[in-house]
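Written below as structure tokens is the structure these notes are about.
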2 protein chains.
Amino acid sequence: MNPQHGFSAAEAESFYELVASRRDCRHFKRGAPVEAAQLQRILQAGYQSPSVGLMQPWRLLRIADAGLREALAACVEAERQATAAALGPRSDEFLHLKVEGIKDCAEVLALVLAPDDGTVFGRRTLAAEMALTSVGCMVQNLWLAARVENLGLGWVSMFEPAEVGTLLRLPVGAQALGLLCIGPVDEFYPAPMLTLEGWRTPRPLDQMMYTDYWPEGPENTSHGN
Amino acid sequence: MNPQHGFSAAEAESFYELVASRRDCRHFKRGAPVEAAQLQRILQAGYQSPSVGLMQPWRLLRIADAGLREALAACVEAERQATAAALGPRSDEFLHLKVEGIKDCAEVLALVLAPDDGTVFGRRTLAAEMALTSVGCMVQNLWLAARVENLGLGWVSMFEPAEVGTLLRLPVGAQALGLLCIGPVDEFYPAPMLTLEGWRTPRPLDQMMYTDYWPEGPENTSHGN
């Protein structure tokens, strides 16, 4: 690695293609494995993510036990039903969406927020926020690395964290934040699946950028659950 | 963009070089601008990040007013002193670190968590956590995009969020999470600056990966604030 590497226009173009073609995947090619070397490269990319104060607040549990994977999938299914109930009028529409691929994907990594280690640097006033955003940075590196390996990754966050915590034997202060599903896919969705399925239309970028101050009055919202 | 693009080994290698050479930058080349087209590409990369339930919980305020930038820098300086006081025995050591480059960088973008829009999909049980991790995913795309444009980015989170919120005229429910400094740099640190300066040694990857269950007993900690 050359820390001063000057990236070329072609390298930038390839990166932007990567960013644009990365998807939250729920459809996996059943039985197709991830090579150990691929998984290691993906994990190394996650490991090289930044964290506030170098706190590295995340841990990953690779789920190898088939029974444990089944039990986690059952947690997700229970929460899928609870989510449907909470969605009221859009319940049926929601239940027709495929929201996870835990049983079909090659690898499941449980994403865990580690117990707070008391890091002060950069988070005296924003302790929880900076731990969680640091976890997000790490996952985005995993996501892009999976895509550059031509693998799909889906972040499943539909579960009761206390139940998953019990299954994973998490200590006090640790919290399950996701079940990351990684594996070969038949295809990458041409756009985010929730957009393709008509669930929700994204807000355009120019409605997310302001100059200097937050604008007066309510934001133009296009909320879709 | 071809959603099915199969990335080559060379493209993967370039991406891993990008991941490895991205840094949290605090030293910027004063007076050197970011081209408008570069900034637009970086923002587009952030915009293409995932968010739970497509909630897109972030907003960015581009700081154009020089007086506003000065006022934000003053907030950071006040919090730097408060952090030093909170660090007790490491206070002097901390005060010798350069922790931000707000006054020198080409562009400052204030990162804001938008007021919660009530999205249920994927966050019925983890509402705050999924909004914040989604913000982290977005910033990581910005960070990598800046690096592929051969620009530095630094995430400054040393401030009292209520004070910054007042300066930016944020509405109730919105929260300032960072001041993102972007611009040309003279060099990229060969390793994270906090490691180079002896502030903190990172935990190795193999102590962040477990199989199936969290291990029994206390984790081996090497806390360094």
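Just so we're on the same page: first chain in the structure tokens is A, next is B, and so on; residues restart at 1 for each chain, and ligands are numbered from 1 in the order they show up.
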Checklist entry - Which residues come within 8 Å of B:Pro190, counting only C-alpha atoms, excluding same-chain residues fewer than 6 positions away, as a list in words? => result Asn2, Pro3 and Gln4 of chain A; Ser21 of chain B
Keeping only C-alpha atoms, take the residues you just selected and write them out as a JSON list (two decimals), in the first residue's frame.
[["chain", "number", "residue", "atom", "x", "y", "z"],
["A", 2, "ASN", "CA", 1.29, 3.41, -1.00],
["A", 3, "PRO", "CA", -0.31, 6.00, 1.28],
["A", 4, "GLN", "CA", 0.34, 8.75, -1.28],
["B", 21, "SER", "CA", -4.91, 4.78, 1.92]]
Which residues of stretch 23-46 of chain B have any atom within 6 Å of an atom in stretch 148-163 of chain B when counting only C-alpha atoms, and what is the closest pair of atoms for each, with the distance in Å to one decimal? Order the rows by chain and rising number and write it as JSON lines.
{"residue": "B:Asp24", "atom": "CA", "partner": "B:Gly154", "partner_atom": "CA", "distance": 4.7}
{"residue": "B:Cys25", "atom": "CA", "partner": "B:Gly154", "partner_atom": "CA", "distance": 4.5}
{"residue": "B:Arg26", "atom": "CA", "partner": "B:Gly154", "partner_atom": "CA", "distance": 5.9}
Checklist entry - For chain B against chain A, which residues fall within 6 Å using only C-alpha atoms, given as a ChimeraX atom specification? => result /B:3-4,7,12,21,59-63,119-120,122,132-133,136-137,140,148,157-158,168-170,188,190,208-214,225
Next on the checklist: Give me, as a PyMOL selection string, all polymer residues having an atom no more than 6 Å from stretch 31-38 of chain A, counting only C-alpha atoms and skipping those fewer than 2 positions away in the same chain.
Outcome noted: chain A and resi 29+40-41+106+183
Once you have the residues from the selection above, write them out as a PDB file, in the first residue's frame, restricted to C-alpha atoms.
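Written out: part16.pdb:
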ATOM      1  CA  LYS A  29     -27.719 -18.082  -4.883  1.00  0.00           C
ATOM      2  CA  GLN A  40     -10.724 -12.333   4.477  1.00  0.00           C
ATOM      3  CA  ARG A  41     -10.285  -9.468   2.004  1.00  0.00           C
ATOM      4  CA  ALA A 106     -23.331 -18.261   2.086  1.00  0.00           C
ATOM      5  CA  GLY A 183     -22.871 -14.499  -0.725  1.00  0.00           C
TER       6      GLY A 183
END
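Atom CA of A:Leu196 lies 14.1 Å from atom CA of A:His27.
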Checklist entry - Between atom CA of B:Gln81 and atom CA of B:Leu180, what is the spacing in Å? => result 20.0 Å
Next on the checklist: Run DSSP on the backbone and tell me which residues of stretch 71-201 of chain B come out as strand (DSSP E); list them as a VMD selection string.
Outcome noted: chain B and resid 107 to 113 152 to 156 175 to 183
Using only C-alpha atoms, please write the residues we just selected to a file, as an mmCIF file, in the first residue's frame.
data_model
loop_
_atom_site.group_PDB
_atom_site.id
_atom_site.type_symbol
_atom_site.label_atom_id
_atom_site.label_comp_id
_atom_site.auth_asym_id
_atom_site.auth_seq_id
_atom_site.Cartn_x
_atom_site.Cartn_y
_atom_site.Cartn_z
ATOM 1 C CA GLU B 107 -14.869 22.988 2.149
ATOM 2 C CA VAL B 108 -16.757 22.401 5.384
ATOM 3 C CA LEU B 109 -19.950 20.388 5.258
ATOM 4 C CA ALA B 110 -22.035 20.221 8.420
ATOM 5 C CA LEU B 111 -23.438 16.729 8.826
ATOM 6 C CA VAL B 112 -26.907 16.692 10.326
ATOM 7 C CA LEU B 113 -29.230 13.928 11.438
ATOM 8 C CA GLY B 152 -8.520 14.589 2.222
ATOM 9 C CA LEU B 153 -11.574 14.432 4.452
ATOM 10 C CA GLY B 154 -11.671 14.836 8.215
ATOM 11 C CA TRP B 155 -14.698 14.199 10.410
ATOM 12 C CA VAL B 156 -14.688 16.626 13.331
ATOM 13 C CA GLN B 175 -28.869 16.974 15.443
ATOM 14 C CA ALA B 176 -25.414 18.045 14.326
ATOM 15 C CA LEU B 177 -23.149 14.997 14.059
ATOM 16 C CA GLY B 178 -20.066 16.328 12.412
ATOM 17 C CA LEU B 179 -18.195 19.002 10.573
ATOM 18 C CA LEU B 180 -16.714 17.354 7.509
ATOM 19 C CA CYS B 181 -13.562 19.075 6.300
ATOM 20 C CA ILE B 182 -12.641 18.390 2.671
ATOM 21 C CA GLY B 183 -9.771 19.648 0.605
#
Next on the checklist: DSSP on the backbone, alpha helix (DSSP H) only: what residues of stretch 45-125 of chain B does that give? Format it as a PyMOL selection string.
Outcome noted: chain B and resi 45-47+66-86+91-95
Store the residues of this selection in a file with N, CA and C atoms, as a compact mmCIF listing (two decimals), in the first residue's frame.
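As written to disk, selection_12.txt reads:
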# COMPACT_ATOMS: atom_id res chain seq x y z
N ALA B 45 -21.71 10.24 -4.59
CA ALA B 45 -21.31 8.96 -3.98
C ALA B 45 -21.98 8.81 -2.61
N GLY B 46 -21.99 9.89 -1.83
CA GLY B 46 -22.68 9.83 -0.54
C GLY B 46 -24.16 9.54 -0.72
N TYR B 47 -24.73 10.18 -1.69
CA TYR B 47 -26.16 10.03 -1.95
C TYR B 47 -26.53 8.59 -2.31
N ALA B 66 -18.06 32.86 5.74
CA ALA B 66 -16.78 32.80 6.47
C ALA B 66 -16.97 33.02 7.97
N GLY B 67 -17.89 33.89 8.32
CA GLY B 67 -18.15 34.15 9.74
C GLY B 67 -18.74 32.94 10.42
N LEU B 68 -19.61 32.23 9.72
CA LEU B 68 -20.20 31.01 10.27
C LEU B 68 -19.12 29.94 10.47
N ARG B 69 -18.22 29.84 9.52
CA ARG B 69 -17.12 28.88 9.68
C ARG B 69 -16.29 29.23 10.91
N GLU B 70 -16.00 30.51 11.09
CA GLU B 70 -15.25 30.95 12.28
C GLU B 70 -15.97 30.57 13.57
N ALA B 71 -17.28 30.78 13.57
CA ALA B 71 -18.07 30.49 14.78
C ALA B 71 -18.07 28.98 15.06
N LEU B 72 -18.15 28.18 14.02
CA LEU B 72 -18.08 26.73 14.20
C LEU B 72 -16.71 26.32 14.72
N ALA B 73 -15.67 26.94 14.18
CA ALA B 73 -14.31 26.64 14.64
C ALA B 73 -14.16 26.98 16.12
N ALA B 74 -14.80 28.05 16.54
CA ALA B 74 -14.73 28.44 17.96
C ALA B 74 -15.42 27.39 18.84
N CYS B 75 -16.53 26.84 18.38
CA CYS B 75 -17.19 25.76 19.12
C CYS B 75 -16.25 24.56 19.29
N VAL B 76 -15.56 24.24 18.22
CA VAL B 76 -14.64 23.09 18.25
C VAL B 76 -13.50 23.37 19.22
N GLU B 77 -12.98 24.58 19.20
CA GLU B 77 -11.88 24.91 20.10
C GLU B 77 -12.33 24.83 21.56
N ALA B 78 -13.53 25.29 21.83
CA ALA B 78 -14.04 25.21 23.21
C ALA B 78 -14.16 23.75 23.65
N GLU B 79 -14.63 22.91 22.76
CA GLU B 79 -14.78 21.49 23.11
C GLU B 79 -13.43 20.80 23.20
N ARG B 80 -12.47 21.26 22.43
CA ARG B 80 -11.12 20.70 22.53
C ARG B 80 -10.57 20.96 23.94
N GLN B 81 -10.79 22.13 24.46
CA GLN B 81 -10.34 22.43 25.82
C GLN B 81 -11.11 21.59 26.85
N ALA B 82 -12.41 21.42 26.63
CA ALA B 82 -13.22 20.62 27.55
C ALA B 82 -12.79 19.16 27.51
N THR B 83 -12.44 18.68 26.31
CA THR B 83 -11.97 17.31 26.18
C THR B 83 -10.64 17.14 26.92
N ALA B 84 -9.75 18.11 26.75
CA ALA B 84 -8.46 18.05 27.44
C ALA B 84 -8.67 17.93 28.95
N ALA B 85 -9.59 18.74 29.47
CA ALA B 85 -9.87 18.70 30.91
C ALA B 85 -10.40 17.33 31.31
N ALA B 86 -11.25 16.75 30.47
CA ALA B 86 -11.86 15.45 30.79
C ALA B 86 -10.83 14.32 30.72
N SER B 91 -4.05 15.02 29.38
CA SER B 91 -4.48 16.32 28.88
C SER B 91 -3.42 17.02 28.03
N ASP B 92 -2.20 17.10 28.54
CA ASP B 92 -1.16 17.82 27.79
C ASP B 92 -0.83 17.12 26.49
N GLU B 93 -0.73 15.80 26.60
CA GLU B 93 -0.44 15.01 25.39
C GLU B 93 -1.52 15.26 24.34
N PHE B 94 -2.77 15.26 24.79
CA PHE B 94 -3.89 15.50 23.87
C PHE B 94 -3.78 16.88 23.22
N LEU B 95 -3.44 17.88 24.00
CA LEU B 95 -3.41 19.25 23.47
C LEU B 95 -2.32 19.44 22.42
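The interatomic distance for the pair atom CA of B:Asp116 and atom CA of A:Arg90 works out to 19.5 Å.
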Next on the checklist: I need the residue nearest A:Phe28 from this list: A:Pro89, A:Pro184, A:Val172, A:Gly198. Use only C-alpha atoms for the distance.
Outcome noted: A:Pro184
Checklist entry - Using only C-alpha atoms, which of B:Leu142, B:Leu97, B:Ala127, B:Cys105 sits nearest B:Val185? => result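 Among the listed residues, the smallest separation from B:Val185 belongs to B:Cys105.
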